[in-house]
file coords10.txt (compact mmCIF, C-alpha atoms and all ligand atoms)
# COMPACT_ATOMS: atom_id res chain seq x y z
CA MET V 389 73.39 57.35 135.69
CA LYS V 390 75.88 54.48 135.71
CA LYS V 391 77.37 54.35 132.19
CA ILE V 392 78.30 57.20 129.91
CA ALA V 393 80.21 57.51 126.63
CA VAL V 394 82.43 60.15 125.05
CA PHE V 395 83.32 60.85 121.43
CA THR V 396 85.00 63.46 119.24
CA SER V 397 83.52 64.55 115.94
CA GLY V 398 84.07 66.99 113.06
CA GLY V 399 87.42 68.71 112.50
CA ASP V 400 89.90 67.78 115.21
CA ALA V 401 91.29 70.47 117.48
CA PRO V 402 94.31 70.57 119.81
CA GLY V 403 93.03 69.99 123.33
CA MET V 404 90.46 67.35 122.40
CA ASN V 405 92.64 64.75 124.12
CA ALA V 406 92.83 66.84 127.27
CA CYS V 407 89.03 67.02 127.19
CA ILE V 408 88.66 63.23 126.74
CA ARG V 409 91.02 62.75 129.67
CA ALA V 410 88.93 65.05 131.86
CA VAL V 411 85.69 63.29 130.89
CA VAL V 412 87.13 59.83 131.57
CA ARG V 413 88.70 60.72 134.89
CA THR V 414 85.74 62.75 136.16
CA ALA V 415 83.41 59.85 135.35
CA ILE V 416 85.67 57.38 137.18
CA PHE V 417 85.92 59.79 140.14
CA HIS V 418 82.10 59.64 140.39
CA ASN V 419 82.04 55.81 140.05
CA ILE V 420 80.54 55.86 136.56
CA GLU V 421 81.59 53.45 133.84
CA ILE V 422 82.99 55.36 130.91
CA TYR V 423 83.09 54.24 127.25
CA GLY V 424 84.93 55.75 124.31
CA ILE V 425 83.25 55.84 120.90
CA SER V 426 85.79 55.89 118.06
CA TYR V 427 85.25 57.83 114.80
CA GLY V 428 82.43 60.05 116.05
CA TYR V 429 78.86 59.34 114.96
CA ASP V 430 80.04 56.68 112.50
CA GLY V 431 81.55 54.76 115.39
CA MET V 432 78.26 55.04 117.27
CA ILE V 433 76.38 53.54 114.30
CA ASN V 434 78.95 50.75 113.90
CA GLY V 435 79.14 49.98 117.61
CA ASN V 436 82.78 51.06 117.84
CA ILE V 437 82.39 51.53 121.59
CA LYS V 438 84.96 50.44 124.18
CA ARG V 439 85.29 50.69 127.94
CA MET V 440 87.88 53.23 129.07
CA HIS V 441 89.91 53.34 132.25
CA SER V 442 92.02 55.93 134.00
CA TYR V 443 95.14 54.55 132.28
CA SER V 444 93.43 54.78 128.85
CA VAL V 445 94.01 58.53 129.01
CA SER V 446 97.50 58.56 130.53
CA ASN V 447 100.06 60.70 128.74
CA ILE V 448 97.62 62.34 126.30
CA ILE V 449 96.98 65.77 127.85
CA GLN V 450 99.84 67.25 125.80
CA ARG V 451 99.00 65.58 122.49
CA GLY V 452 97.20 67.13 119.50
CA GLY V 453 94.65 65.18 117.45
CA THR V 454 92.23 62.86 119.22
CA ILE V 455 92.84 59.33 120.50
CA LEU V 456 89.17 58.60 119.75
CA LYS V 457 89.64 59.65 116.10
CA SER V 458 87.19 61.91 114.34
CA ALA V 459 84.90 61.78 111.33
CA ARG V 460 82.08 63.62 109.62
CA SER V 461 79.22 61.12 109.32
CA GLU V 462 76.79 61.10 106.40
CA ASP V 463 74.86 58.12 107.84
CA PHE V 464 74.04 59.93 111.07
CA ARG V 465 72.20 62.56 109.02
CA THR V 466 69.60 59.89 108.19
CA PRO V 467 66.87 58.68 110.60
CA GLU V 468 67.99 55.05 109.93
CA GLY V 469 71.56 55.90 110.91
CA ARG V 470 70.49 57.55 114.14
CA LYS V 471 68.19 54.61 114.95
CA LYS V 472 71.12 52.21 114.54
CA ALA V 473 73.30 54.43 116.72
CA PHE V 474 70.70 54.49 119.48
CA ALA V 475 70.37 50.68 119.30
CA LYS V 476 74.16 50.26 119.67
CA LEU V 477 74.26 52.58 122.66
CA THR V 478 71.38 50.88 124.46
CA GLU V 479 72.95 47.46 123.76
CA GLN V 480 75.88 48.68 125.87
CA GLY V 481 73.62 50.26 128.49
CA ILE V 482 74.90 53.79 127.81
CA GLU V 483 72.73 56.37 129.59
CA GLY V 484 74.46 59.63 128.75
CA ILE V 485 76.94 61.07 126.23
CA VAL V 486 79.62 63.74 126.06
CA ALA V 487 80.08 65.05 122.50
CA ILE V 488 83.28 66.98 121.80
CA GLY V 489 83.11 69.00 118.58
CA GLY V 490 81.70 72.03 116.81
CA ASP V 491 78.37 73.13 115.35
CA GLY V 492 77.92 70.07 113.11
CA THR V 493 78.47 67.80 116.11
CA PHE V 494 75.96 69.76 118.20
CA THR V 495 73.37 69.79 115.42
CA GLY V 496 73.53 65.97 115.36
CA ALA V 497 73.45 65.81 119.16
CA LYS V 498 70.36 68.03 119.36
CA THR V 499 68.46 65.92 116.82
CA PHE V 500 69.51 62.73 118.58
CA PHE V 501 68.32 64.07 121.93
CA GLU V 502 64.99 65.18 120.45
CA GLU V 503 64.39 61.81 118.78
CA PHE V 504 65.52 59.44 121.52
CA GLY V 505 65.78 61.50 124.70
CA MET V 506 69.38 60.40 125.20
CA PRO V 507 71.00 62.93 127.58
CA ILE V 508 73.91 64.62 125.78
CA ILE V 509 76.22 67.43 126.78
CA GLY V 510 78.71 68.98 124.37
CA CYS V 511 82.20 70.39 124.84
CA PRO V 512 83.23 73.07 122.32
CA GLY V 513 86.07 71.53 120.31
CA THR V 514 86.96 73.46 117.16
CA ILE V 515 89.81 75.75 116.20
CA ASP V 516 87.34 78.21 114.63
CA ASN V 517 86.01 79.68 117.91
CA ASP V 518 82.63 80.14 116.23
CA ILE V 519 80.43 78.59 118.93
CA TYR V 520 77.99 80.70 120.89
CA GLY V 521 77.99 79.95 124.64
CA THR V 522 81.71 79.98 125.31
CA ASP V 523 84.24 82.79 125.09
CA TYR V 524 86.78 80.44 123.52
CA THR V 525 86.62 76.99 121.96
CA ILE V 526 89.10 74.22 122.65
CA GLY V 527 91.90 74.42 120.06
CA PHE V 528 91.49 78.07 119.09
CA ASP V 529 94.39 79.35 121.19
CA THR V 530 96.76 76.67 119.87
CA ALA V 531 95.72 77.28 116.26
CA VAL V 532 96.27 81.03 116.62
CA ASN V 533 99.71 80.51 118.14
CA THR V 534 100.66 78.08 115.36
CA ALA V 535 99.55 80.58 112.72
CA LEU V 536 101.34 83.43 114.49
CA GLU V 537 104.61 81.55 114.54
CA ALA V 538 104.30 81.11 110.78
CA ILE V 539 103.36 84.77 110.25
CA ASP V 540 106.40 85.93 112.23
CA LYS V 541 108.59 83.88 109.90
CA ILE V 542 106.82 85.18 106.81
CA ARG V 543 107.37 88.72 108.08
CA ASP V 544 111.14 88.15 108.09
CA THR V 545 111.26 87.14 104.46
CA ALA V 546 108.60 89.70 103.45
CA ALA V 547 110.75 92.47 104.93
CA ALA V 548 113.93 91.15 103.35
CA HIS V 549 112.37 91.36 99.86
CA ASP V 550 109.96 94.29 100.30
CA ARG V 551 107.04 92.03 99.47
CA ILE V 552 103.32 92.06 100.10
CA PHE V 553 102.25 88.73 101.58
CA PHE V 554 98.74 87.35 101.71
CA VAL V 555 98.50 84.72 104.45
CA GLU V 556 95.42 82.50 104.35
CA VAL V 557 94.32 81.09 107.70
CA MET V 558 91.49 78.68 108.48
CA GLY V 559 87.94 79.81 109.13
CA ARG V 560 85.35 78.64 106.62
CA ASP V 561 82.60 80.75 108.17
CA SER V 562 84.47 82.61 110.83
CA GLY V 563 87.17 85.26 111.08
CA TYR V 564 88.24 84.66 114.67
CA ILE V 565 91.59 83.09 113.82
CA ALA V 566 92.29 85.78 111.23
CA VAL V 567 91.50 88.65 113.60
CA GLU V 568 93.56 87.25 116.46
CA CYS V 569 96.50 86.62 114.10
CA GLY V 570 96.03 90.04 112.59
CA ILE V 571 96.40 91.73 115.96
CA GLY V 572 99.15 89.46 117.28
CA GLY V 573 101.07 89.39 113.99
CA GLY V 574 100.80 93.12 113.33
CA ALA V 575 99.01 92.64 110.01
CA GLU V 576 98.22 95.59 107.79
CA PHE V 577 94.83 94.12 106.90
CA VAL V 578 92.53 91.31 107.86
CA MET V 579 89.79 89.95 105.63
CA VAL V 580 87.02 87.95 107.26
CA PRO V 581 83.74 86.33 106.16
CA GLU V 582 81.71 88.38 108.66
CA THR V 583 82.39 91.75 107.02
CA LYS V 584 82.42 92.81 103.40
CA THR V 585 85.89 93.72 102.19
CA ASP V 586 86.25 96.64 99.82
CA LEU V 587 89.23 95.65 97.68
CA ASN V 588 89.58 99.19 96.36
CA LYS V 589 90.08 100.38 99.91
CA VAL V 590 92.73 97.69 100.40
CA VAL V 591 94.53 98.79 97.24
CA LYS V 592 94.35 102.47 98.19
CA SER V 593 95.73 101.81 101.63
CA LEU V 594 98.47 99.56 100.29
CA LYS V 595 99.60 102.39 98.05
CA ASN V 596 99.69 104.75 101.02
CA LEU V 597 101.35 102.24 103.33
CA ARG V 598 104.03 101.67 100.79
CA LYS V 599 105.45 105.12 101.45
CA SER V 600 106.29 104.29 105.03
CA LYS V 601 106.59 100.51 104.95
CA SER V 602 108.57 98.25 102.70
CA SER V 603 106.50 95.11 103.28
CA SER V 604 102.96 94.21 104.29
CA ILE V 605 101.12 91.24 105.73
CA ILE V 606 97.46 90.71 104.88
CA VAL V 607 95.69 87.94 106.75
CA VAL V 608 92.78 86.35 104.88
CA ALA V 609 90.27 83.98 106.47
CA GLU V 610 89.67 81.13 104.00
CA GLY V 611 85.93 81.87 103.94
CA ASP V 612 86.19 85.53 102.88
CA GLU V 613 83.59 86.31 100.24
CA GLU V 614 86.23 87.75 97.88
CA GLY V 615 87.90 84.32 97.78
CA GLY V 616 90.86 82.57 99.40
CA GLY V 617 94.32 84.09 99.79
CA GLU V 618 95.44 83.25 96.26
CA GLU V 619 92.32 84.63 94.57
CA ILE V 620 92.41 87.84 96.57
CA MET V 621 96.12 88.29 95.92
CA HIS V 622 95.50 88.07 92.14
CA LYS V 623 92.63 90.57 92.36
CA VAL V 624 94.79 93.06 94.26
CA GLU V 625 97.79 92.40 92.02
CA GLU V 626 95.64 93.17 88.98
CA LYS V 627 94.55 96.49 90.46
CA LEU V 628 98.15 97.37 91.36
CA LYS V 629 99.84 96.08 88.24
CA ASP V 630 101.58 99.37 87.45
CA ALA V 631 102.94 99.71 90.94
CA ASP V 632 106.07 97.56 90.69
CA LYS V 633 105.13 95.48 93.71
CA ASP V 634 105.96 91.90 94.47
CA PHE V 635 103.11 89.72 95.78
CA LYS V 636 103.23 86.31 97.46
CA VAL V 637 100.67 84.06 99.08
CA THR V 638 101.02 81.44 101.81
CA THR V 639 98.18 79.12 102.78
CA LEU V 640 98.73 77.76 106.27
CA GLY V 641 96.13 74.99 105.98
CA HIS V 642 95.85 72.03 108.31
CA ILE V 643 99.07 72.81 110.18
CA GLN V 644 96.73 75.00 112.27
CA ARG V 645 94.80 71.93 113.44
CA GLY V 646 97.81 70.02 114.79
CA GLY V 647 100.41 70.34 117.51
CA ASN V 648 100.56 70.26 121.28
CA PRO V 649 97.76 72.26 122.88
CA THR V 650 98.71 75.45 124.68
CA ALA V 651 98.23 75.76 128.44
CA ARG V 652 95.04 77.77 127.85
CA ASP V 653 93.55 75.04 125.66
CA ARG V 654 94.49 72.29 128.12
CA VAL V 655 92.87 74.16 131.01
CA LEU V 656 89.73 75.03 129.01
CA ALA V 657 89.43 71.44 127.76
CA SER V 658 89.84 70.03 131.27
CA ARG V 659 87.24 72.40 132.71
CA CYS V 660 84.69 71.70 129.96
CA GLY V 661 85.24 67.92 130.20
CA MET V 662 84.70 67.89 133.94
CA ALA V 663 81.68 70.22 133.66
CA ALA V 664 80.10 68.02 130.99
CA VAL V 665 80.20 64.89 133.16
CA GLU V 666 79.09 66.69 136.32
CA GLY V 667 76.36 68.42 134.29
CA LEU V 668 75.00 65.05 133.14
CA LEU V 669 74.95 63.89 136.76
CA LYS V 670 73.01 67.01 137.78
CA GLY V 671 70.42 66.43 135.04
CA GLU V 672 71.70 68.92 132.45
CA GLN V 673 71.15 67.75 128.87
CA ASN V 674 70.80 68.92 125.28
CA CYS V 675 73.34 71.66 125.98
CA MET V 676 77.04 72.55 125.85
CA ALA V 677 79.40 73.17 128.75
CA GLY V 678 81.44 76.28 127.94
CA VAL V 679 83.30 78.98 129.83
CA VAL V 680 81.98 82.55 129.76
CA ASN V 681 83.74 85.31 131.73
CA GLY V 682 85.72 82.67 133.59
CA GLU V 683 82.68 80.68 134.74
CA VAL V 684 81.31 77.37 133.50
CA VAL V 685 78.00 77.91 131.72
CA TYR V 686 75.55 75.40 130.17
CA THR V 687 74.02 76.74 126.95
CA PRO V 688 71.24 74.91 125.06
CA PHE V 689 72.44 73.34 121.79
CA ALA V 690 69.73 75.35 120.03
CA ASP V 691 71.54 78.58 121.00
CA CYS V 692 75.05 77.22 120.39
CA ILE V 693 74.16 76.45 116.78
CA GLY V 694 71.43 79.05 116.26
CA LYS V 695 73.04 82.20 117.61
CA SER V 696 76.10 83.69 116.02
CA LYS V 697 79.07 84.81 118.07
CA ALA V 698 79.83 88.22 116.61
CA LEU V 699 83.40 89.35 116.08
CA ASN V 700 84.47 92.14 118.39
CA GLU V 701 84.24 95.36 116.34
CA ASP V 702 86.93 96.93 118.52
CA HIS V 703 89.37 94.25 117.41
CA LEU V 704 88.85 95.14 113.76
CA ARG V 705 89.31 98.81 114.61
CA LEU V 706 92.47 97.97 116.54
CA ILE V 707 94.02 96.41 113.45
CA GLU V 708 93.11 99.41 111.33
CA ILE V 709 94.54 101.89 113.81
CA LEU V 710 97.73 99.99 114.57
CA SER V 711 98.60 99.41 110.93
CA ILE V 712 99.15 103.07 110.01
O1 LIG F 801 88.04 72.74 112.14
C1 LIG F 801 87.38 73.77 111.46
C2 LIG F 801 87.95 73.88 110.10
O2 LIG F 801 89.31 73.97 110.33
C3 LIG F 801 87.53 75.01 109.20
O3 LIG F 801 88.12 76.25 109.46
C4 LIG F 801 87.89 74.45 107.84
O4 LIG F 801 87.23 75.04 106.79
C5 LIG F 801 87.51 73.03 107.99
O5 LIG F 801 87.67 72.72 109.37
C6 LIG F 801 88.26 72.08 107.12
O6 LIG F 801 88.15 70.79 107.64
P1 LIG F 801 88.41 69.47 106.81
O7 LIG F 801 89.58 69.70 105.98
O8 LIG F 801 88.61 68.43 107.85
O9 LIG F 801 87.16 69.22 106.04
call {"tool": "encode", "arguments": {"input": "coords10.txt", "output": "structure tokens", "more": "lines below"}}
Ligand code: F6P
result
Amino acid sequence: MKKIAVFTSGGDAPGMNACIRAVVRTAIFHNIEIYGISYGYDGMINGNIKRMHSYSVSNIIQRGGTILKSARSEDFRTPEGRKKAFAKLTEQGIEGIVAIGGDGTFTGAKTFFEEFGMPIIGCPGTIDNDIYGTDYTIGFDTAVNTALEAIDKIRDTAAAHDRIFFVEVMGRDSGYIAVECGIGGGAEFVMVPETKTDLNKVVKSLKNLRKSKSSSIIVVAEGDEEGGGEEIMHKVEEKLKDADKDFKVTTLGHIQRGGNPTARDRVLASRCGMAAVEGLLKGEQNCMAGVVNGEVVYTPFADCIGKSKALNEDHLRLIEILSI
């Protein structure tokens, strides 16, 4: 293998730049030409492919976002789009690809591999931490710390006014961010898409908590089946309307996707980036390079997207016990 390419796709995540840097420099270390594809799969289709050098990735390890930009491509979902993408890659002589992204990115990569046999290895880049085959995804730690900083501040004002705050964090299909913030932020409750929330139980407990606590924080993952933070707050408010309580909601939103990556995310990103390139050289393909129990592991894309990474039940119990 003499020429490989790297791209980022789907929702950006802090640490993607550190991963690009690792891919570029590992490739150069092994005397391989490295190309950057801008705007994910769309860039592949449009031939937005440029040679990268060691200096192309100088001074980016600490930056959020992605220097290669990101996009969600509709065209790549079509056979015509993928055919065009393959033609653009072969025009440049690209023989292998590193795809940095989440489950949507890996679904596209798997199809592309199956149709054209192009060797691809993924790196798990998403704040949601919902990818099977790695204990943590690149960006998760930073997103949790960003959300925690906000929750700490909300706690100050919640306590000052004896208020009940609903804080909505990201996680369309996954409660990982919510659970981690719930534990780290000392939340009274956490609502996640993976488990059904009994609002009556929430209301009952809030009434009981109120005797010993003047304020409460409830962390809601945006994908909870009862609704987002605002909707859930109104439902609870309605059930507690006689209780003379003051309710507020804060939606943290895309702030969780930005910012300088934490040390953990930089290290994870660097390890996955290096493992992806060295995996390609060893003949690995159609899989993701992740870190499980401290070791680099290659997991087939089919498992990364097909198997769900269950939330740790003990973590949910921990929140319940520590909120009494
Ligand atoms: O990156 C994952 C994620 O943050 C989800 O939690 C969220 O629902 C989604 O991306 C939103 O992404 P966008 O606003 O880019 O469509």
call {"tool": "residues_near_ligand", "arguments": {"input": "coords10.txt", "ligand": "ligand LIG 801 (chain F)", "cutoff": "7 Å", "atoms": "all atoms listed in the file", "output": "PyMOL selection string"}}
result
chain V and resi 399-401+514-516+558-560+645
call {"tool": "residues_around", "arguments": {"input": "coords10.txt", "residues": "stretch 441-447 of chain V", "least_positions_apart": "2", "cutoff": "7 Å", "atoms": "only C-alpha atoms", "output": "compact mmCIF listing (two decimals) with C-alpha atoms, keeping the file's coordinate frame"}}
result
# COMPACT_ATOMS: atom_id res chain seq x y z
CA ARG V 409 91.02 62.75 129.67
CA VAL V 412 87.13 59.83 131.57
CA ARG V 413 88.70 60.72 134.89
CA ARG V 439 85.29 50.69 127.94
CA ILE V 449 96.98 65.77 127.85
call {"tool": "atom_distance", "arguments": {"input": "coords10.txt", "atom1": "atom CA of V:Ile422", "atom2": "atom CA of V:Ile526"}}
result
21.5 Å
call {"tool": "residues_near_point", "arguments": {"input": "coords10.txt", "point": "(72.0, 63.6, 107.9)", "cutoff": "12 Å", "atoms": "only C-alpha atoms", "output": "PyMOL selection string"}}
result
chain V and resi 429-430+460-470+492-493+495-497+499-500
call {"tool": "atom_distance", "arguments": {"input": "coords10.txt", "atom1": "atom CA of V:Ile620", "atom2": "atom CA of V:Tyr520"}}
result
29.2 Å
call {"tool": "closest_residue", "arguments": {"input": "coords10.txt", "among": "V:Thr583, V:Thr396, V:Thr545, V:Asn588", "to": "V:Ser602", "atoms": "only C-alpha atoms"}}
result
V:Thr545
call {"tool": "closest_residue", "arguments": {"input": "coords10.txt", "among": "V:Ile482, V:Ile509, V:Gly398, V:Gly435", "to": "V:Ala459", "atoms": "only C-alpha atoms"}}
result
V:Gly398
call {"tool": "closest_residue", "arguments": {"input": "coords10.txt", "among": "V:Glu614, V:Asp529, V:Glu479, V:Asp518", "to": "V:Asp653", "atoms": "all atoms listed in the file"}}
result
V:Asp529
call {"tool": "closest_atom_pairs", "arguments": {"input": "coords10.txt", "of": "stretch 508-529 of chain V", "to": "stretch 686-690 of chain V", "cutoff": "12 Å", "atoms": "only C-alpha atoms", "output": "JSON lines"}}
result
{"residue": "V:Ile508", "atom": "CA", "partner": "V:Phe689", "partner_atom": "CA", "distance": 9.7}
{"residue": "V:Ile509", "atom": "CA", "partner": "V:Phe689", "partner_atom": "CA", "distance": 8.6}
{"residue": "V:Gly510", "atom": "CA", "partner": "V:Phe689", "partner_atom": "CA", "distance": 8.1}
{"residue": "V:Cys511", "atom": "CA", "partner": "V:Tyr686", "partner_atom": "CA", "distance": 9.9}
{"residue": "V:Pro512", "atom": "CA", "partner": "V:Phe689", "partner_atom": "CA", "distance": 10.8}
{"residue": "V:Ile519", "atom": "CA", "partner": "V:Phe689", "partner_atom": "CA", "distance": 10.0}
{"residue": "V:Tyr520", "atom": "CA", "partner": "V:Thr687", "partner_atom": "CA", "distance": 8.3}
{"residue": "V:Gly521", "atom": "CA", "partner": "V:Thr687", "partner_atom": "CA", "distance": 5.6}
{"residue": "V:Thr522", "atom": "CA", "partner": "V:Thr687", "partner_atom": "CA", "distance": 8.5}
call {"tool": "atom_distance", "arguments": {"input": "coords10.txt", "atom1": "atom CA of V:Asn405", "atom2": "atom CA of V:Ala651"}}
result
13.1 Å
call {"tool": "closest_residue", "arguments": {"input": "coords10.txt", "among": "V:Ala531, V:Ile605, V:Leu477, V:Val411", "to": "V:Phe504", "atoms": "all atoms listed in the file"}}
result
V:Leu477
call {"tool": "residues_near_point", "arguments": {"input": "coords10.txt", "point": "(71.5, 68.2, 125.2)", "cutoff": "6 Å", "atoms": "all atoms listed in the file", "output": "PyMOL selection string"}}
result
chain V and resi 498+507-509+673-675
call {"tool": "residues_around", "arguments": {"input": "coords10.txt", "residues": "V:Thr585", "least_positions_apart": "3", "cutoff": "12 Å", "atoms": "only C-alpha atoms", "output": "MDAnalysis selection string"}}
result
chainID V and resid 577:582 588:591 608:609 611:615 620 624
call {"tool": "closest_residue", "arguments": {"input": "coords10.txt", "among": "V:Val655, V:Met676, V:Ala698, V:Ile539", "to": "V:Gln450", "atoms": "all atoms listed in the file"}}
result
V:Val655
